[in-house]
Amino acid sequence: MGMDFNGRVAIVTGAGGGLGRQHALALAARGAKVVVNDLGGTRDGSGGSVSAAEAVVNEIRAAGGEAIANGASVTDFVAVQAMVKQAIDAWGRVDILVNNAGILRDKSFAKMDLADFALVMDVHLMGAVHCCKAVWDIMAAQKYGRIVMTTSSSGLYGNFGQSNYGAAKMALVGLMQTLSIEGAKNDIRVNCLAPTAATRMTEGLMPEEVLRALQPEAVVPAMLVLAAQDAPTRAILCAGAGTFEAAHITLTRGLWLGTGEQVPEALALRLDEVRERGGEMVPQSGSAQGGNEVSLAMAQAGKTSAAT
């Protein structure tokens with residue numbers, strides 16, 4: 001059976017080119033009505049023009065699909081609200097939000113201006129927050145929503161010269177974790193996509209032969225799965241060059257050491273045991289950490305009582 005998006009309305013940010021364009025085209029090709037959002041700025045976020053978004057809209061319409069262009073900056077909550085209203089006025093609902101908009105201001109942390117750090121955080125993190133907030137009540141009222149955050153291996157695992165970008169991208173994972181919990185009762189499923197793709201954002205960062213292998217189209221299947229009716233929730237899918245992986249935030253079983261003056265030394269000596277990954281879990285919420293810690297402490301207390 002094909003993956004069908006007929007009757008669905010999607011908003012894709014940063015969709016004027018690269019990966020966002022491919023997302024918008026793929027959703028439209030499978031029946032979704034699409035708001036193609038793009039500020040039309042340069043890779044570092046300067047400038048702006050709606051022409052890039054309009055070009056993608058024209059592609060979609062030429063192929064028989066429905067789409068409208070929007071040039072809002074995701075950093076402007078009022079403009080984002082107006083974008084969502086544009087979708088509602090046109091089609092009456094919003095089912096899918098793909099938070100794809102982003103910029104780069106790469107430098108080593110020692111050389112990075114704090115204004116560049118803050119701007120990247122504002123676009124990637126607060127941009128996604130603004131978009132999620134603007135659609136949240138709509139999705140809750142209709143008891144249906146699919147939100148895809150665009151995270152990155154730079155956030156999940158780190159990358160030299162991208163402390164700002166990495167921090168923002170990992171923050172989106174934290175946002176996803178909580179929104180997926182809060183949205184569950186209304187069938188709002190929230191996931192993260194970590195793409196590896198040759199786009200304007202990666203120009204000059206990789207050899208040409210590698211970039212040729214990393215076509216943006218190869219990432220799109222993961223986005224479609226995360227935005228579909230049968231989507232998972234709280235998943236972190238990684239995709240690039242036709243390969244798909246999953247990333248997990250895990251918790252090791254841990255080791256009870258108690259309290260006292262010598263615990264720091266004991267922890268240092270047994271740190272490898274604490275970090276041992278055998279039997280690690282993927283917690284369903286943040287309370288799992290405290291639950292695990294208390295259960296180990298209570299178990300030790302029970303052993304102590306039994307011994308006496």
# chains A, B, ... in the order shown; residues from 1 in each chain; ligands from 1
>>> closest_atom_pairs(of="segment 149-199 of chain A", to="segment 244-262 of chain A", cutoff="10 Å", atoms="only C-alpha atoms", output="Markdown table")
| residue | atom | partner | partner_atom | distance |
| --- | --- | --- | --- | --- |
| A:Ser153 | CA | A:Ala247 | CA | 9.5 |
| A:Leu156 | CA | A:Ala247 | CA | 8.2 |
| A:Val173 | CA | A:Ile249 | CA | 9.3 |
| A:Gly174 | CA | A:Ile249 | CA | 10.0 |
| A:Gln177 | CA | A:Ile249 | CA | 9.9 |
| A:Cys192 | CA | A:Ala247 | CA | 9.6 |
| A:Leu193 | CA | A:Ala246 | CA | 9.3 |
| A:Ala194 | CA | A:Ala247 | CA | 8.9 |
| A:Pro195 | CA | A:Phe244 | CA | 9.4 |
>>> write_last_selection(atoms="all heavy atoms", output="short mmCIF file (atom, residue, chain, number, x, y, z; two decimals), in the first residue's frame")
data_model
loop_
_atom_site.label_atom_id
_atom_site.label_comp_id
_atom_site.auth_asym_id
_atom_site.auth_seq_id
_atom_site.Cartn_x
_atom_site.Cartn_y
_atom_site.Cartn_z
N SER A 153 23.36 15.14 13.38
CA SER A 153 24.45 14.41 14.03
C SER A 153 25.38 15.37 14.77
O SER A 153 26.03 14.98 15.74
CB SER A 153 25.24 13.62 12.99
OG SER A 153 25.75 14.48 11.98
N LEU A 156 23.60 15.44 18.07
CA LEU A 156 23.59 14.14 18.73
C LEU A 156 24.99 13.71 19.16
O LEU A 156 25.16 13.09 20.22
CB LEU A 156 22.99 13.09 17.79
CG LEU A 156 21.53 13.28 17.42
CD1 LEU A 156 21.14 12.33 16.28
CD2 LEU A 156 20.63 13.05 18.62
N VAL A 173 15.81 17.86 20.18
CA VAL A 173 15.51 16.51 20.66
C VAL A 173 14.79 16.59 22.01
O VAL A 173 13.80 15.89 22.25
CB VAL A 173 16.79 15.66 20.77
CG1 VAL A 173 16.47 14.29 21.37
CG2 VAL A 173 17.45 15.50 19.40
N GLY A 174 15.27 17.45 22.89
CA GLY A 174 14.60 17.63 24.18
C GLY A 174 13.19 18.15 24.02
O GLY A 174 12.26 17.72 24.72
N GLN A 177 11.01 15.27 22.87
CA GLN A 177 10.71 14.30 23.92
C GLN A 177 9.50 14.73 24.75
O GLN A 177 8.60 13.93 25.04
CB GLN A 177 11.93 14.13 24.85
CG GLN A 177 13.18 13.61 24.17
CD GLN A 177 13.21 12.10 24.00
OE1 GLN A 177 12.17 11.44 23.99
NE2 GLN A 177 14.40 11.55 23.86
N CYS A 192 12.00 13.27 15.48
CA CYS A 192 13.16 14.00 14.98
C CYS A 192 13.76 13.28 13.77
O CYS A 192 13.82 12.05 13.75
CB CYS A 192 14.24 14.11 16.06
SG CYS A 192 13.95 15.43 17.25
N LEU A 193 14.22 14.07 12.84
CA LEU A 193 14.94 13.56 11.67
C LEU A 193 16.34 14.15 11.67
O LEU A 193 16.51 15.37 11.74
CB LEU A 193 14.20 13.96 10.39
CG LEU A 193 14.90 13.69 9.06
CD1 LEU A 193 15.15 12.20 8.87
CD2 LEU A 193 14.09 14.26 7.91
N ALA A 194 17.34 13.28 11.61
CA ALA A 194 18.74 13.72 11.52
C ALA A 194 19.25 13.40 10.12
O ALA A 194 19.65 12.27 9.84
CB ALA A 194 19.59 13.02 12.58
N PRO A 195 19.21 14.38 9.20
CA PRO A 195 19.58 14.10 7.81
C PRO A 195 21.07 14.33 7.54
O PRO A 195 21.72 15.16 8.17
CB PRO A 195 18.75 15.13 7.04
CG PRO A 195 18.66 16.30 7.96
CD PRO A 195 18.67 15.73 9.37
#
>>> residues_around(residues="segment 159-170 of chain A", least_positions_apart="4", cutoff="9 Å", atoms="only C-alpha atoms", output="ChimeraX atom specification")
/A:103-109,112,116-126,149-155,174-175
>>> closest_atom_pairs(of="segment 185-285 of chain A", to="segment 18-41 of chain A", cutoff="10 Å", atoms="only C-alpha atoms", output="JSON lines")
{"residue": "A:Pro195", "atom": "CA", "partner": "A:Leu19", "partner_atom": "CA", "distance": 8.8}
{"residue": "A:Thr196", "atom": "CA", "partner": "A:Leu19", "partner_atom": "CA", "distance": 9.7}
{"residue": "A:Ala197", "atom": "CA", "partner": "A:Leu19", "partner_atom": "CA", "distance": 7.4}
{"residue": "A:Ala198", "atom": "CA", "partner": "A:Gly18", "partner_atom": "CA", "distance": 7.8}
{"residue": "A:Thr199", "atom": "CA", "partner": "A:Gly18", "partner_atom": "CA", "distance": 5.0}
{"residue": "A:Arg200", "atom": "CA", "partner": "A:Gly18", "partner_atom": "CA", "distance": 6.6}
{"residue": "A:Met201", "atom": "CA", "partner": "A:Gly18", "partner_atom": "CA", "distance": 8.4}
{"residue": "A:Gln215", "atom": "CA", "partner": "A:Leu19", "partner_atom": "CA", "distance": 8.8}
{"residue": "A:Pro216", "atom": "CA", "partner": "A:Leu19", "partner_atom": "CA", "distance": 5.2}
{"residue": "A:Glu217", "atom": "CA", "partner": "A:Gln22", "partner_atom": "CA", "distance": 6.1}
{"residue": "A:Ala218", "atom": "CA", "partner": "A:Gln22", "partner_atom": "CA", "distance": 9.5}
{"residue": "A:Val219", "atom": "CA", "partner": "A:Leu19", "partner_atom": "CA", "distance": 7.9}
{"residue": "A:Val220", "atom": "CA", "partner": "A:His23", "partner_atom": "CA", "distance": 6.0}
{"residue": "A:Pro221", "atom": "CA", "partner": "A:Ala26", "partner_atom": "CA", "distance": 8.8}
{"residue": "A:Met223", "atom": "CA", "partner": "A:His23", "partner_atom": "CA", "distance": 7.3}
{"residue": "A:Leu224", "atom": "CA", "partner": "A:Leu27", "partner_atom": "CA", "distance": 7.4}
{"residue": "A:Ala227", "atom": "CA", "partner": "A:Leu27", "partner_atom": "CA", "distance": 9.2}
{"residue": "A:Ala228", "atom": "CA", "partner": "A:Leu27", "partner_atom": "CA", "distance": 9.8}
>>> write_last_selection(atoms="N, CA, C and O atoms", output="mmCIF file, in the first residue's frame")
data_model
loop_
_atom_site.group_PDB
_atom_site.id
_atom_site.type_symbol
_atom_site.label_atom_id
_atom_site.label_comp_id
_atom_site.auth_asym_id
_atom_site.auth_seq_id
_atom_site.Cartn_x
_atom_site.Cartn_y
_atom_site.Cartn_z
ATOM 1 N N PRO A 195 19.213 14.378 9.195
ATOM 2 C CA PRO A 195 19.580 14.099 7.806
ATOM 3 C C PRO A 195 21.070 14.326 7.537
ATOM 4 O O PRO A 195 21.716 15.164 8.172
ATOM 5 N N THR A 196 21.590 13.564 6.602
ATOM 6 C CA THR A 196 22.895 13.852 6.014
ATOM 7 C C THR A 196 22.645 14.054 4.531
ATOM 8 O O THR A 196 22.301 13.106 3.824
ATOM 9 N N ALA A 197 22.762 15.287 4.071
ATOM 10 C CA ALA A 197 22.395 15.581 2.683
ATOM 11 C C ALA A 197 23.252 16.703 2.129
ATOM 12 O O ALA A 197 23.693 17.592 2.868
ATOM 13 N N ALA A 198 23.484 16.660 0.847
ATOM 14 C CA ALA A 198 24.213 17.719 0.159
ATOM 15 C C ALA A 198 23.239 18.846 -0.163
ATOM 16 O O ALA A 198 22.393 18.722 -1.049
ATOM 17 N N THR A 199 23.332 19.920 0.599
ATOM 18 C CA THR A 199 22.480 21.080 0.378
ATOM 19 C C THR A 199 23.354 22.326 0.467
ATOM 20 O O THR A 199 24.565 22.254 0.674
ATOM 21 N N ARG A 200 22.722 23.474 0.347
ATOM 22 C CA ARG A 200 23.441 24.731 0.500
ATOM 23 C C ARG A 200 24.127 24.812 1.865
ATOM 24 O O ARG A 200 25.176 25.422 2.019
ATOM 25 N N MET A 201 23.534 24.153 2.857
ATOM 26 C CA MET A 201 24.082 24.173 4.213
ATOM 27 C C MET A 201 25.375 23.372 4.325
ATOM 28 O O MET A 201 26.167 23.585 5.241
ATOM 29 N N GLN A 215 22.415 12.875 -1.908
ATOM 30 C CA GLN A 215 21.335 13.654 -2.505
ATOM 31 C C GLN A 215 20.202 13.855 -1.496
ATOM 32 O O GLN A 215 19.828 12.928 -0.763
ATOM 33 N N PRO A 216 19.640 15.064 -1.422
ATOM 34 C CA PRO A 216 18.553 15.317 -0.470
ATOM 35 C C PRO A 216 17.373 14.365 -0.613
ATOM 36 O O PRO A 216 16.718 14.023 0.373
ATOM 37 N N GLU A 217 17.110 13.930 -1.854
ATOM 38 C CA GLU A 217 15.985 13.028 -2.081
ATOM 39 C C GLU A 217 16.082 11.747 -1.262
ATOM 40 O O GLU A 217 15.070 11.139 -0.910
ATOM 41 N N ALA A 218 17.309 11.335 -0.939
ATOM 42 C CA ALA A 218 17.505 10.084 -0.206
ATOM 43 C C ALA A 218 17.053 10.179 1.245
ATOM 44 O O ALA A 218 16.850 9.162 1.905
ATOM 45 N N VAL A 219 16.889 11.402 1.759
ATOM 46 C CA VAL A 219 16.454 11.608 3.141
ATOM 47 C C VAL A 219 14.927 11.595 3.256
ATOM 48 O O VAL A 219 14.362 11.248 4.295
ATOM 49 N N VAL A 220 14.269 11.965 2.166
ATOM 50 C CA VAL A 220 12.816 12.192 2.183
ATOM 51 C C VAL A 220 11.997 11.006 2.699
ATOM 52 O O VAL A 220 11.021 11.213 3.436
ATOM 53 N N PRO A 221 12.333 9.744 2.366
ATOM 54 C CA PRO A 221 11.524 8.642 2.898
ATOM 55 C C PRO A 221 11.390 8.649 4.422
ATOM 56 O O PRO A 221 10.319 8.328 4.953
ATOM 57 N N MET A 223 11.423 11.304 6.384
ATOM 58 C CA MET A 223 10.472 12.355 6.726
ATOM 59 C C MET A 223 9.045 11.887 6.504
ATOM 60 O O MET A 223 8.157 12.112 7.345
ATOM 61 N N LEU A 224 8.789 11.221 5.379
ATOM 62 C CA LEU A 224 7.435 10.755 5.078
ATOM 63 C C LEU A 224 6.947 9.764 6.124
ATOM 64 O O LEU A 224 5.782 9.813 6.543
ATOM 65 N N ALA A 227 5.989 11.631 9.219
ATOM 66 C CA ALA A 227 4.837 12.521 9.055
ATOM 67 C C ALA A 227 3.554 11.781 8.697
ATOM 68 O O ALA A 227 2.494 12.394 8.619
ATOM 69 N N ALA A 228 3.633 10.483 8.508
ATOM 70 C CA ALA A 228 2.484 9.707 8.041
ATOM 71 C C ALA A 228 1.479 9.428 9.153
ATOM 72 O O ALA A 228 1.767 9.585 10.340
#
>>> residues_around(residues="Asp89 of chain A", least_positions_apart="5", cutoff="12 Å", atoms="only C-alpha atoms", output="MDAnalysis selection string")
chainID A and resid 9 35 68 82:84 94
>>> write_last_selection(atoms="all heavy atoms", output="PDB file, in the first residue's frame")
ATOM      1  N   VAL A   9      -2.916  18.638   5.273  1.00  0.00           N
ATOM      2  CA  VAL A   9      -2.320  19.947   5.037  1.00  0.00           C
ATOM      3  C   VAL A   9      -0.995  20.004   5.781  1.00  0.00           C
ATOM      4  O   VAL A   9      -0.934  19.729   6.985  1.00  0.00           O
ATOM      5  CB  VAL A   9      -3.245  21.087   5.512  1.00  0.00           C
ATOM      6  CG1 VAL A   9      -2.549  22.440   5.380  1.00  0.00           C
ATOM      7  CG2 VAL A   9      -4.554  21.065   4.721  1.00  0.00           C
ATOM      8  N   VAL A  35       2.000  24.347   2.519  1.00  0.00           N
ATOM      9  CA  VAL A  35       2.494  25.715   2.682  1.00  0.00           C
ATOM     10  C   VAL A  35       4.011  25.651   2.570  1.00  0.00           C
ATOM     11  O   VAL A  35       4.673  25.017   3.390  1.00  0.00           O
ATOM     12  CB  VAL A  35       2.098  26.318   4.039  1.00  0.00           C
ATOM     13  CG1 VAL A  35       2.709  27.721   4.194  1.00  0.00           C
ATOM     14  CG2 VAL A  35       0.590  26.377   4.189  1.00  0.00           C
ATOM     15  N   ILE A  68       0.818  26.901  -1.449  1.00  0.00           N
ATOM     16  CA  ILE A  68       0.886  28.357  -1.332  1.00  0.00           C
ATOM     17  C   ILE A  68       2.237  28.715  -0.737  1.00  0.00           C
ATOM     18  O   ILE A  68       2.822  27.943   0.033  1.00  0.00           O
ATOM     19  CB  ILE A  68      -0.261  28.940  -0.480  1.00  0.00           C
ATOM     20  CG1 ILE A  68      -0.367  28.224   0.875  1.00  0.00           C
ATOM     21  CG2 ILE A  68      -1.584  28.871  -1.221  1.00  0.00           C
ATOM     22  CD1 ILE A  68      -1.450  28.792   1.784  1.00  0.00           C
ATOM     23  N   ALA A  82       0.589  34.170  11.483  1.00  0.00           N
ATOM     24  CA  ALA A  82      -0.072  34.575  10.240  1.00  0.00           C
ATOM     25  C   ALA A  82       0.079  33.490   9.173  1.00  0.00           C
ATOM     26  O   ALA A  82      -0.842  33.259   8.378  1.00  0.00           O
ATOM     27  CB  ALA A  82       0.512  35.897   9.750  1.00  0.00           C
ATOM     28  N   MET A  83       1.223  32.812   9.147  1.00  0.00           N
ATOM     29  CA  MET A  83       1.434  31.711   8.204  1.00  0.00           C
ATOM     30  C   MET A  83       0.450  30.576   8.478  1.00  0.00           C
ATOM     31  O   MET A  83      -0.148  30.010   7.542  1.00  0.00           O
ATOM     32  CB  MET A  83       2.866  31.188   8.319  1.00  0.00           C
ATOM     33  CG  MET A  83       3.147  29.932   7.501  1.00  0.00           C
ATOM     34  SD  MET A  83       4.861  29.351   7.672  1.00  0.00           S
ATOM     35  CE  MET A  83       4.888  28.816   9.386  1.00  0.00           C
ATOM     36  N   VAL A  84       0.276  30.238   9.736  1.00  0.00           N
ATOM     37  CA  VAL A  84      -0.665  29.175  10.092  1.00  0.00           C
ATOM     38  C   VAL A  84      -2.085  29.588   9.730  1.00  0.00           C
ATOM     39  O   VAL A  84      -2.874  28.787   9.207  1.00  0.00           O
ATOM     40  CB  VAL A  84      -0.537  28.824  11.582  1.00  0.00           C
ATOM     41  CG1 VAL A  84      -1.635  27.843  12.005  1.00  0.00           C
ATOM     42  CG2 VAL A  84       0.838  28.235  11.874  1.00  0.00           C
ATOM     43  N   VAL A  94      -4.431  22.104   9.754  1.00  0.00           N
ATOM     44  CA  VAL A  94      -2.993  21.849   9.612  1.00  0.00           C
ATOM     45  C   VAL A  94      -2.719  20.497  10.246  1.00  0.00           C
ATOM     46  O   VAL A  94      -2.970  20.303  11.443  1.00  0.00           O
ATOM     47  CB  VAL A  94      -2.126  22.930  10.296  1.00  0.00           C
ATOM     48  CG1 VAL A  94      -0.648  22.553  10.182  1.00  0.00           C
ATOM     49  CG2 VAL A  94      -2.367  24.303   9.678  1.00  0.00           C
TER      50      VAL A  94
END
>>> atom_distance(atom1="atom CA of Glu59 of chain A", atom2="atom CA of Val78 of chain A")
28.0 Å
>>> select_by_dssp(residues="segment 103-266 of chain A", states="alpha helix (DSSP H)", output="ChimeraX atom specification")
/A:114-121,127-142,153-156,163-183,208-213,220-227,263-266
>>> atom_distance(atom1="atom CA of His130 of chain A", atom2="atom CA of Asn186 of chain A")
19.5 Å
>>> residues_around(residues="Ala52 of chain A", least_positions_apart="4", cutoff="9 Å", atoms="only C-alpha atoms", output="PDB file with all heavy atoms, in the first residue's frame")
ATOM      1  N   ALA A  15      11.634  25.664   2.958  1.00  0.00           N
ATOM      2  CA  ALA A  15      11.314  24.769   1.839  1.00  0.00           C
ATOM      3  C   ALA A  15      11.606  25.373   0.469  1.00  0.00           C
ATOM      4  O   ALA A  15      11.195  24.826  -0.549  1.00  0.00           O
ATOM      5  CB  ALA A  15       9.844  24.355   1.913  1.00  0.00           C
ATOM      6  N   GLY A  16      12.343  26.475   0.440  1.00  0.00           N
ATOM      7  CA  GLY A  16      12.629  27.097  -0.837  1.00  0.00           C
ATOM      8  C   GLY A  16      13.754  26.428  -1.618  1.00  0.00           C
ATOM      9  O   GLY A  16      13.962  26.720  -2.788  1.00  0.00           O
ATOM     10  N   GLY A  17      14.467  25.517  -0.989  1.00  0.00           N
ATOM     11  CA  GLY A  17      15.564  24.829  -1.660  1.00  0.00           C
ATOM     12  C   GLY A  17      16.031  23.656  -0.840  1.00  0.00           C
ATOM     13  O   GLY A  17      15.552  23.422   0.271  1.00  0.00           O
ATOM     14  N   ASP A  38       9.634  29.893   3.228  1.00  0.00           N
ATOM     15  CA  ASP A  38      11.066  30.156   3.135  1.00  0.00           C
ATOM     16  C   ASP A  38      11.296  31.658   3.206  1.00  0.00           C
ATOM     17  O   ASP A  38      10.681  32.423   2.454  1.00  0.00           O
ATOM     18  CB  ASP A  38      11.653  29.598   1.838  1.00  0.00           C
ATOM     19  CG  ASP A  38      13.162  29.385   1.951  1.00  0.00           C
ATOM     20  OD1 ASP A  38      13.908  30.374   1.934  1.00  0.00           O
ATOM     21  OD2 ASP A  38      13.587  28.224   2.085  1.00  0.00           O
ATOM     22  N   LEU A  39      12.183  32.056   4.101  1.00  0.00           N
ATOM     23  CA  LEU A  39      12.534  33.471   4.216  1.00  0.00           C
ATOM     24  C   LEU A  39      13.287  33.938   2.981  1.00  0.00           C
ATOM     25  O   LEU A  39      13.226  35.118   2.605  1.00  0.00           O
ATOM     26  CB  LEU A  39      13.391  33.685   5.471  1.00  0.00           C
ATOM     27  CG  LEU A  39      13.940  35.085   5.722  1.00  0.00           C
ATOM     28  CD1 LEU A  39      12.805  36.082   5.925  1.00  0.00           C
ATOM     29  CD2 LEU A  39      14.869  35.087   6.937  1.00  0.00           C
ATOM     30  N   GLY A  40      14.006  33.001   2.334  1.00  0.00           N
ATOM     31  CA  GLY A  40      14.745  33.359   1.134  1.00  0.00           C
ATOM     32  C   GLY A  40      16.059  34.040   1.407  1.00  0.00           C
ATOM     33  O   GLY A  40      16.612  34.723   0.541  1.00  0.00           O
ATOM     34  N   VAL A  56       9.039  26.908  -5.750  1.00  0.00           N
ATOM     35  CA  VAL A  56       8.647  25.551  -5.356  1.00  0.00           C
ATOM     36  C   VAL A  56       7.138  25.380  -5.489  1.00  0.00           C
ATOM     37  O   VAL A  56       6.655  24.334  -5.943  1.00  0.00           O
ATOM     38  CB  VAL A  56       9.118  25.234  -3.920  1.00  0.00           C
ATOM     39  CG1 VAL A  56       8.655  23.849  -3.486  1.00  0.00           C
ATOM     40  CG2 VAL A  56      10.639  25.337  -3.827  1.00  0.00           C
ATOM     41  N   VAL A  57       6.381  26.395  -5.121  1.00  0.00           N
ATOM     42  CA  VAL A  57       4.924  26.357  -5.295  1.00  0.00           C
ATOM     43  C   VAL A  57       4.577  26.151  -6.766  1.00  0.00           C
ATOM     44  O   VAL A  57       3.688  25.349  -7.113  1.00  0.00           O
ATOM     45  CB  VAL A  57       4.273  27.649  -4.758  1.00  0.00           C
ATOM     46  CG1 VAL A  57       2.822  27.767  -5.226  1.00  0.00           C
ATOM     47  CG2 VAL A  57       4.338  27.672  -3.243  1.00  0.00           C
ATOM     48  N   ALA A  69       2.730  29.891  -1.087  1.00  0.00           N
ATOM     49  CA  ALA A  69       4.041  30.339  -0.629  1.00  0.00           C
ATOM     50  C   ALA A  69       3.897  31.231   0.597  1.00  0.00           C
ATOM     51  O   ALA A  69       2.899  31.933   0.771  1.00  0.00           O
ATOM     52  CB  ALA A  69       4.755  31.095  -1.739  1.00  0.00           C
ATOM     53  N   GLY A  71       6.659  33.714   3.142  1.00  0.00           N
ATOM     54  CA  GLY A  71       8.027  34.181   3.357  1.00  0.00           C
ATOM     55  C   GLY A  71       8.334  34.577   4.777  1.00  0.00           C
ATOM     56  O   GLY A  71       9.290  35.318   5.024  1.00  0.00           O
TER      57      GLY A  71
END
>>> atom_distance(atom1="atom CA of Gly145 of chain A", atom2="atom CA of Ile188 of chain A")
4.2 Å
>>> residues_around(residues="Ile181 of chain A", least_positions_apart="4", cutoff="10 Å", atoms="only C-alpha atoms", output="MDAnalysis selection string")
chainID A and resid 176:177 185 188:190 233:234 284:285
